[in-house]
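A.B. asks: Next comes the structure file entry_7.txt, holding compact mmCIF, C-alpha atoms and all ligand atoms.
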```txt
# COMPACT_ATOMS: atom_id res chain seq x y z
CA MET A 1 118.28 94.58 96.51
CA ALA A 2 115.25 96.76 97.16
CA TRP A 3 115.10 100.49 96.38
CA VAL A 4 112.40 102.65 97.99
CA LEU A 5 112.39 105.93 96.08
CA ASP A 6 110.83 109.18 97.19
CA LEU A 7 109.31 111.20 94.32
CA ASP A 8 109.49 114.95 95.01
CA GLY A 9 113.15 115.98 95.19
CA VAL A 10 114.34 112.60 93.90
CA ILE A 11 112.53 111.84 90.62
CA TRP A 12 111.10 115.28 89.94
CA LEU A 13 111.13 118.84 91.23
CA GLY A 14 108.37 121.31 90.44
CA GLY A 15 106.90 118.78 88.01
CA LYS A 16 110.07 118.50 85.94
CA PRO A 17 112.31 115.41 86.01
CA ILE A 18 115.61 115.85 87.88
CA GLU A 19 118.54 115.41 85.55
CA GLY A 20 119.48 111.74 85.13
CA SER A 21 116.70 110.40 87.39
CA VAL A 22 114.71 108.74 84.61
CA GLU A 23 117.80 107.00 83.23
CA ALA A 24 118.77 105.93 86.75
CA VAL A 25 115.38 104.25 87.32
CA LYS A 26 115.66 102.54 83.93
CA ARG A 27 119.10 101.25 84.89
CA LEU A 28 117.75 99.85 88.18
CA ASP A 29 115.02 98.08 86.20
CA SER A 30 117.41 96.69 83.61
CA GLU A 31 119.67 95.32 86.34
CA GLY A 32 116.71 93.56 87.97
CA GLU A 33 116.64 95.65 91.16
CA GLN A 34 113.37 95.73 93.13
CA LEU A 35 111.88 99.20 93.13
CA LEU A 36 109.00 101.07 94.75
CA PHE A 37 108.02 104.75 94.60
CA VAL A 38 106.75 105.96 97.98
CA THR A 39 105.33 109.43 98.53
CA ASN A 40 103.58 111.32 101.32
CA PHE A 41 101.53 113.07 98.66
CA SER A 42 97.93 111.89 99.02
CA ALA A 43 95.72 114.06 96.84
CA LEU A 44 96.01 112.25 93.50
CA ARG A 45 94.41 108.94 92.55
CA LYS A 46 96.61 105.88 91.91
CA ALA A 47 96.26 106.11 88.12
CA GLU A 48 97.11 109.83 88.18
CA MET A 49 100.30 109.21 90.18
CA GLU A 50 101.29 106.40 87.81
CA ALA A 51 100.54 108.60 84.79
CA LYS A 52 102.92 111.30 86.07
CA LEU A 53 105.75 108.75 86.03
CA ASN A 54 104.56 107.22 82.74
CA ASP A 55 104.82 110.69 81.18
CA PHE A 56 108.57 110.55 81.88
CA GLY A 57 108.73 107.12 80.22
CA LEU A 58 108.80 105.14 83.48
CA ASP A 59 106.70 102.06 84.16
CA ALA A 60 104.99 102.79 87.47
CA THR A 61 102.07 100.37 87.32
CA ASP A 62 101.49 99.00 90.83
CA ARG A 63 104.82 100.44 91.95
CA VAL A 64 103.57 103.61 93.66
CA ILE A 65 102.59 103.72 97.33
CA THR A 66 101.01 106.97 98.52
CA SER A 67 100.23 108.02 102.07
CA ALA A 68 96.54 107.80 101.06
CA MET A 69 96.95 104.06 100.47
CA ALA A 70 98.82 103.71 103.76
CA ALA A 71 95.99 105.50 105.59
CA ALA A 72 93.40 103.27 103.91
CA SER A 73 95.31 100.18 105.08
CA LEU A 74 94.06 101.11 108.58
CA ILE A 75 90.42 100.96 107.43
CA GLU A 76 88.35 97.77 107.47
CA PRO A 77 85.94 96.74 104.68
CA GLY A 78 82.41 97.97 105.35
CA GLU A 79 83.43 100.84 107.62
CA ARG A 80 81.87 104.30 107.25
CA VAL A 81 84.64 106.85 106.78
CA LEU A 82 84.59 110.64 106.63
CA VAL A 83 87.19 111.68 104.07
CA CYS A 84 88.65 115.06 104.95
CA GLY A 85 91.10 114.88 102.04
CA GLY A 86 91.53 114.75 98.29
CA PRO A 87 90.41 112.25 95.61
CA GLY A 88 93.41 110.00 96.33
CA VAL A 89 92.14 109.36 99.86
CA THR A 90 88.55 108.79 98.71
CA GLU A 91 89.71 106.27 96.11
CA ALA A 92 92.00 104.42 98.53
CA VAL A 93 89.24 104.16 101.17
CA GLN A 94 86.79 102.84 98.56
CA ALA A 95 89.38 100.36 97.32
CA ARG A 96 89.36 98.87 100.83
CA GLY A 97 85.64 98.18 100.45
CA ALA A 98 84.69 100.95 102.88
CA GLU A 99 82.18 103.76 102.42
CA ALA A 100 83.88 107.13 101.77
CA ILE A 101 81.70 110.04 102.90
CA ASP A 102 82.39 113.66 101.96
CA PRO A 103 81.87 115.76 105.13
CA SER A 104 80.58 118.68 103.03
CA HIS A 105 77.75 116.57 101.60
CA HIS A 106 74.53 115.60 103.26
CA PHE A 107 74.68 112.22 105.01
CA ASP A 108 72.78 110.32 107.68
CA ARG A 109 74.01 111.84 110.94
CA ASN A 110 72.28 109.15 112.98
CA SER A 111 74.38 106.22 111.79
CA SER A 112 77.83 106.18 113.30
CA ILE A 113 81.12 107.04 111.62
CA ASP A 114 83.98 104.57 112.22
CA ALA A 115 86.88 106.77 111.16
CA VAL A 116 87.93 110.19 109.91
CA VAL A 117 90.78 110.16 107.40
CA VAL A 118 92.62 113.44 106.84
CA GLY A 119 94.72 114.21 103.76
CA PHE A 120 95.91 117.34 102.00
CA HIS A 121 93.17 119.31 100.23
CA LYS A 122 92.74 123.00 99.49
CA ASN A 123 88.99 123.21 100.11
CA PHE A 124 89.29 122.43 103.82
CA ASP A 125 86.94 124.74 105.75
CA PHE A 126 85.14 125.33 109.04
CA ASP A 127 82.07 123.25 108.12
CA ARG A 128 84.15 120.17 107.24
CA LEU A 129 86.12 120.69 110.44
CA ALA A 130 82.90 120.82 112.50
CA VAL A 131 81.48 117.64 110.93
CA CYS A 132 84.72 115.71 111.44
CA ALA A 133 85.08 116.95 115.03
CA ARG A 134 81.56 115.78 115.89
CA ALA A 135 82.35 112.26 114.57
CA LEU A 136 85.52 112.22 116.68
CA HIS A 137 83.57 113.28 119.78
CA GLN A 138 81.38 110.24 119.08
CA ASN A 139 84.45 107.95 119.15
CA ALA A 140 85.43 107.72 115.47
CA ARG A 141 89.17 106.96 114.96
CA LEU A 142 91.35 109.76 113.55
CA ILE A 143 93.82 108.70 110.85
CA THR A 144 95.97 111.10 108.84
CA THR A 145 98.13 110.55 105.78
CA ASN A 146 101.07 112.64 107.01
CA THR A 147 101.97 115.49 109.32
CA ASP A 148 104.35 117.58 107.20
CA PRO A 149 103.59 121.08 108.61
CA THR A 150 104.36 122.94 105.39
CA TYR A 151 105.52 122.31 101.84
CA PRO A 152 107.78 124.39 99.62
CA THR A 153 106.39 126.10 96.52
CA ALA A 154 107.60 128.79 94.13
CA ASP A 155 105.67 131.24 96.34
CA GLY A 156 107.32 130.07 99.54
CA LEU A 157 106.06 127.71 102.23
CA LEU A 158 102.36 126.79 102.19
CA PRO A 159 100.43 124.94 104.94
CA GLY A 160 100.81 121.18 104.57
CA ASN A 161 98.61 118.35 105.76
CA GLY A 162 100.10 118.55 109.25
CA SER A 163 98.39 121.92 109.63
CA ILE A 164 95.00 120.50 108.60
CA THR A 165 95.54 117.47 110.85
CA ALA A 166 96.32 119.74 113.81
CA ALA A 167 93.02 121.58 113.34
CA VAL A 168 90.99 118.35 113.16
CA ALA A 169 92.81 116.72 116.09
CA THR A 170 92.40 119.84 118.22
CA ALA A 171 88.70 120.23 117.50
CA GLY A 172 88.12 116.49 117.89
CA LYS A 173 90.18 116.33 121.13
CA VAL A 174 92.07 113.23 119.98
CA ASP A 175 95.51 112.36 118.62
CA ALA A 176 95.80 111.23 115.01
CA VAL A 177 97.36 107.95 113.93
CA VAL A 178 99.83 108.88 111.18
CA ALA A 179 100.00 106.47 108.23
CA GLY A 180 102.61 107.91 105.84
CA LYS A 181 106.40 108.23 106.01
CA PRO A 182 108.11 107.64 108.42
CA HIS A 183 105.43 105.70 110.30
CA GLN A 184 104.70 102.02 110.68
CA PRO A 185 101.58 101.67 108.45
CA VAL A 186 103.48 102.70 105.30
CA ALA A 187 106.52 100.67 106.37
CA LYS A 188 104.36 97.55 106.68
CA MET A 189 102.83 98.25 103.29
CA ILE A 190 106.28 98.60 101.70
CA MET A 191 107.45 95.25 103.09
CA ARG A 192 104.23 93.60 101.89
CA HIS A 193 104.67 95.03 98.37
CA LEU A 194 108.31 93.95 98.28
CA GLY A 195 107.21 90.48 99.41
CA LYS A 196 109.74 90.34 102.22
CA SER A 197 109.51 89.95 105.97
CA ASP A 198 113.08 91.02 106.74
CA PRO A 199 115.35 93.67 105.21
CA ALA A 200 118.44 92.60 103.25
CA VAL A 201 121.81 94.18 103.93
CA ASN A 202 121.81 96.50 100.89
CA ASP A 203 118.16 97.59 100.84
CA ILE A 204 117.91 101.36 100.67
CA VAL A 205 115.50 104.27 100.99
CA VAL A 206 116.45 107.20 98.75
CA GLY A 207 115.02 110.59 99.66
CA ASP A 208 115.71 114.28 100.14
CA LEU A 209 114.21 114.68 103.62
CA PRO A 210 115.73 113.07 106.74
CA SER A 211 112.62 113.66 108.89
CA THR A 212 110.50 111.48 106.59
CA ASP A 213 112.77 109.43 104.30
CA GLY A 214 115.60 109.00 106.80
CA LEU A 215 113.33 107.96 109.65
CA LEU A 216 111.45 105.64 107.27
CA ALA A 217 114.78 103.93 106.53
CA ASN A 218 115.24 103.48 110.31
CA GLU A 219 111.72 102.06 110.64
CA LEU A 220 112.38 99.58 107.81
CA ASN A 221 115.96 98.85 108.90
CA PHE A 222 117.10 99.88 105.42
CA ARG A 223 120.05 102.12 104.57
CA PHE A 224 119.28 105.81 103.97
CA GLY A 225 120.63 107.41 100.81
CA LEU A 226 120.25 111.18 101.00
CA VAL A 227 120.12 113.10 97.73
CA LEU A 228 120.81 116.83 97.59
CA SER A 229 118.46 117.42 94.61
CA GLY A 230 115.52 118.43 96.84
CA VAL A 231 114.96 120.31 100.09
CA THR A 232 118.23 119.42 101.88
CA ASP A 233 121.52 121.09 100.92
CA ALA A 234 125.09 119.96 101.52
CA ASN A 235 125.59 122.24 104.55
CA THR A 236 122.57 120.95 106.47
CA ALA A 237 123.40 117.37 105.43
CA LEU A 238 126.45 117.51 107.73
CA LYS A 239 124.43 118.05 110.90
CA LEU A 240 121.51 115.78 110.15
CA ASN A 241 119.71 113.37 112.38
CA PRO A 242 119.51 110.58 111.40
CA GLN A 243 122.86 110.65 109.59
CA PRO A 244 122.48 109.18 106.10
CA ASN A 245 124.51 106.11 105.11
CA MET A 246 125.24 107.72 101.77
CA VAL A 247 124.99 111.28 100.43
CA SER A 248 124.85 112.03 96.72
CA ALA A 249 124.05 114.97 94.47
CA ASN A 250 121.09 113.16 92.94
CA LEU A 251 119.60 109.74 92.22
CA ALA A 252 121.75 109.23 89.12
CA SER A 253 125.01 109.64 91.03
CA LEU A 254 123.74 107.55 93.95
CA VAL A 255 122.83 104.67 91.64
CA ASN A 256 126.27 104.89 90.03
CA GLN A 257 127.86 104.92 93.48
CA VAL A 258 125.98 101.76 94.53
CA LEU A 259 126.02 99.76 91.29
CA GLY A 260 129.41 100.98 90.06
MG MG B 301 110.92 114.43 98.87
```
Please express what this file holds, its structure, as structure tokens.
C.D. replies:
Amino acid sequence: MAWVLDLDGVIWLGGKPIEGSVEAVKRLDSEGEQLLFVTNFSALRKAEMEAKLNDFGLDATDRVITSAMAAASLIEPGERVLVCGGPGVTEAVQARGAEAIDPSHHFDRNSSIDAVVVGFHKNFDFDRLAVCARALHQNARLITTNTDPTYPTADGLLPGNGSITAAVATAGKVDAVVAGKPHQPVAKMIMRHLGKSDPAVNDIVVGDLPSTDGLLANELNFRFGLVLSGVTDANTALKLNPQPNMVSANLASLVNQVLG
């Protein structure tokens, strides 16, 4: 069966592995289960994401899908793209054979921009916003990695990529196409990576957030395994929509529940 695993809140939390998660992934591998890591995080490059998992002793080569890659799947080779995001988005756009242009750098304003891709970055500012908005007024497509409004940190909630996307969409007077979880571009990419056209009965998405991981499971027609090791606690789990097919304390106990 296929396992689609979220990273933050499932494999790690605050950069530290969640107890038993590494062993659980190793068990899935040793039992020949198909496995993909899928995250809405877009800022890091592919090799950096893989290295984070490698540091825990997990083989992640070509097994990580980020929302940056999902966004880039909507770009055609040869297109000129303004990247209003981090290095992960730039790399993914270039990997598609498109030109990635930094809106804060000088570029030829007379040749047209095909798309603006938005991803989380901390150096977002008014000038980048103005450059991206102008391209959108001139009919560039607006694509964003994800629309999570905020994200939790040790210092409380910080603005997430949904906040940046809202600014760009508002100034550009267009709606963004969303590529990451729980939307169709990332779902298509997952099926392509798994090499399947239809879900099997036991295929499962494991995550800590119903609004992304649970709805992704719906989109894929997979089961949803909710883990309580991230942002959702047992009390809220009771009144969730969508209702998970399984609820477990963490990935380790979920894997034991499924594989016995
Ligand atoms: Mg998560």
A.B. asks: Using all atoms listed in the file, which residues of the polymer chains come no farther than 6 Å from ligand MG 301 (chain B)? I'd like the answer as a PDB file with C-alpha atoms, in the coordinates of the input.
C.D. replies:
```
ATOM      1  CA  ASP A   6     110.830 109.180  97.190  1.00  0.00           C
ATOM      2  CA  LEU A   7     109.310 111.200  94.320  1.00  0.00           C
ATOM      3  CA  ASP A   8     109.490 114.950  95.010  1.00  0.00           C
ATOM      4  CA  GLY A   9     113.150 115.980  95.190  1.00  0.00           C
ATOM      5  CA  GLY A 207     115.020 110.590  99.660  1.00  0.00           C
ATOM      6  CA  ASP A 208     115.710 114.280 100.140  1.00  0.00           C
ATOM      7  CA  LEU A 209     114.210 114.680 103.620  1.00  0.00           C
TER       8      LEU A 209
END
```
A.B. asks: Report as CSV the residues of region 185-227 of chain A within 10 Å of region 28-40 of chain A, each with its shortest atom pair and distance in Å (one decimal), using all atoms listed in the file, ordered by chain and increasing residue number.
C.D. replies:
```
residue,atom,partner,partner_atom,distance
A:Val186,CA,A:Val38,CA,8.7
A:Ala187,CA,A:Val38,CA,9.9
A:Ile190,CA,A:Leu36,CA,7.9
A:His193,CA,A:Leu36,CA,8.3
A:Leu194,CA,A:Gln34,CA,7.4
A:Asp203,CA,A:Gln34,CA,9.3
A:Ile204,CA,A:Leu35,CA,9.9
A:Val205,CA,A:Val38,CA,9.4
A:Val206,CA,A:Phe37,CA,9.7
A:Gly207,CA,A:Val38,CA,9.6
A:Thr212,CA,A:Asn40,CA,8.7
A:Asp213,CA,A:Val38,CA,9.4
```
A.B. asks: So that I can check the surroundings of region 114-126 of chain A, please list as a list of chain:residue names every protein, DNA and RNA residue that reaches within 6 Å of it, counting all atoms listed in the file and ignoring chain neighbours fewer than 6 positions away.
C.D. replies: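 Counting only the stated atoms, we get A:Glu79, A:Arg80, A:Val81, A:Leu82, A:Val83, A:Cys84, A:Gly85, A:Gly86, A:Ala140, A:Arg141, A:Leu142, A:Ile143, A:Thr144, A:Thr145, A:Asn161.
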A.B. asks: Per residue of region 70-182 of chain A within 12 Å of region 48-61 of chain A, which atom pair is closest and at what distance in Å (one decimal), using all atoms listed in the file, listed by chain and increasing number, as CSV?
C.D. replies:
```
residue,atom,partner,partner_atom,distance
A:Pro87,CA,A:Glu48,CA,10.3
A:Gly88,CA,A:Glu48,CA,9.0
A:Glu91,CA,A:Glu48,CA,11.4
```
A.B. asks: Calculated over all atoms listed in the file, which of the candidates A:Leu226, A:Ala167, A:Leu220, A:Ala98 has the smallest distance to Ala200 (chain A)?
C.D. replies: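 Going through A:Leu226, A:Ala167, A:Leu220, A:Ala98 one by one, the smallest distance to Ala200 (chain A) is for A:Leu220.
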A.B. asks: Rounded to one decimal place, report the CA of Leu228 (chain A)-CA of Arg63 (chain A) distance in Å.
C.D. replies: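 Computing it gives 23.6 Å between the two atoms.
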A.B. asks: Could you please determine the separation between CA of Ala234 (chain A) and CA of Phe222 (chain A) in Å, to one decimal place?
C.D. replies: 22.0 Å
A.B. asks: Just write region 38-129 of chain A with C-alpha atoms, as a short mmCIF file (atom, residue, chain, number, x, y, z; two decimals), in the first residue's frame, taken from the block above.
C.D. replies:
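Generated output (selection-v4.cif):
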```
data_model
loop_
_atom_site.label_atom_id
_atom_site.label_comp_id
_atom_site.auth_asym_id
_atom_site.auth_seq_id
_atom_site.Cartn_x
_atom_site.Cartn_y
_atom_site.Cartn_z
CA VAL A 38 4.72 15.53 1.11
CA THR A 39 5.02 18.98 2.65
CA ASN A 40 3.53 22.42 2.08
CA PHE A 41 6.88 23.89 3.06
CA SER A 42 8.38 25.50 -0.05
CA ALA A 43 11.41 27.53 0.99
CA LEU A 44 14.12 24.85 0.94
CA ARG A 45 15.70 23.25 -2.12
CA LYS A 46 15.10 19.56 -2.86
CA ALA A 47 18.55 18.48 -1.63
CA GLU A 48 18.11 20.49 1.59
CA MET A 49 14.76 18.82 2.33
CA GLU A 50 16.27 15.39 1.64
CA ALA A 51 19.27 16.21 3.83
CA LYS A 52 17.00 17.02 6.80
CA LEU A 53 15.56 13.49 6.59
CA ASN A 54 18.98 11.96 5.87
CA ASP A 55 20.24 13.54 9.10
CA PHE A 56 17.73 11.35 10.97
CA GLY A 57 19.04 8.30 9.09
CA LEU A 58 16.17 8.16 6.57
CA ASP A 59 16.61 7.66 2.84
CA ALA A 60 14.63 10.49 1.28
CA THR A 61 16.21 10.64 -2.18
CA ASP A 62 13.47 11.42 -4.70
CA ARG A 63 10.84 10.72 -2.06
CA VAL A 64 10.03 14.30 -1.03
CA ILE A 65 7.37 16.39 -2.76
CA THR A 66 7.19 20.04 -1.70
CA SER A 67 4.54 22.60 -2.57
CA ALA A 68 7.27 24.39 -4.56
CA MET A 69 7.53 21.37 -6.88
CA ALA A 70 3.74 21.21 -7.14
CA ALA A 71 3.63 24.90 -8.09
CA ALA A 72 6.36 24.39 -10.70
CA SER A 73 4.34 21.54 -12.25
CA LEU A 74 1.97 24.29 -13.47
CA ILE A 75 4.81 26.04 -15.33
CA GLU A 76 5.79 25.21 -18.91
CA PRO A 77 9.40 24.97 -20.15
CA GLY A 78 10.63 28.28 -21.53
CA GLU A 79 8.19 30.44 -19.59
CA ARG A 80 9.34 33.62 -17.83
CA VAL A 81 8.38 33.42 -14.17
CA LEU A 82 8.58 35.96 -11.35
CA VAL A 83 9.48 34.05 -8.20
CA CYS A 84 8.02 35.75 -5.15
CA GLY A 85 9.28 32.98 -2.87
CA GLY A 86 12.29 31.18 -1.45
CA PRO A 87 15.13 29.18 -3.06
CA GLY A 88 12.96 26.05 -3.19
CA VAL A 89 10.56 27.76 -5.60
CA THR A 90 13.36 29.19 -7.74
CA GLU A 91 14.99 25.77 -8.04
CA ALA A 92 11.72 23.99 -8.87
CA VAL A 93 10.84 26.57 -11.57
CA GLN A 94 14.32 26.22 -13.11
CA ALA A 95 14.04 22.43 -12.99
CA ARG A 96 11.00 22.78 -15.28
CA GLY A 97 13.21 24.52 -17.85
CA ALA A 98 11.63 27.91 -17.18
CA GLU A 99 13.34 31.22 -16.42
CA ALA A 100 13.09 32.18 -12.73
CA ILE A 101 13.25 35.96 -12.24
CA ASP A 102 13.75 37.61 -8.86
CA PRO A 103 11.31 40.57 -8.68
CA SER A 104 13.82 42.55 -6.59
CA HIS A 105 16.46 42.36 -9.32
CA HIS A 106 16.64 44.38 -12.48
CA PHE A 107 15.02 42.66 -15.47
CA ASP A 108 13.67 43.59 -18.89
CA ARG A 109 10.25 45.08 -18.13
CA ASN A 110 9.33 45.14 -21.82
CA SER A 111 9.26 41.38 -22.34
CA SER A 112 6.21 39.75 -20.85
CA ILE A 113 5.99 37.62 -17.72
CA ASP A 114 4.00 34.37 -18.06
CA ALA A 115 3.46 33.62 -14.38
CA VAL A 116 4.05 34.80 -10.83
CA VAL A 117 4.77 32.02 -8.33
CA VAL A 118 4.36 32.87 -4.64
CA GLY A 119 5.95 30.89 -1.82
CA PHE A 120 6.90 31.59 1.78
CA HIS A 121 9.84 33.98 2.21
CA LYS A 122 10.75 36.46 4.93
CA ASN A 123 12.12 39.20 2.68
CA PHE A 124 8.76 39.90 1.02
CA ASP A 125 8.31 43.68 0.70
CA PHE A 126 6.41 46.47 -1.03
CA ASP A 127 8.73 46.65 -4.05
CA ARG A 128 8.39 42.92 -4.80
CA LEU A 129 4.64 43.25 -4.34
#
```
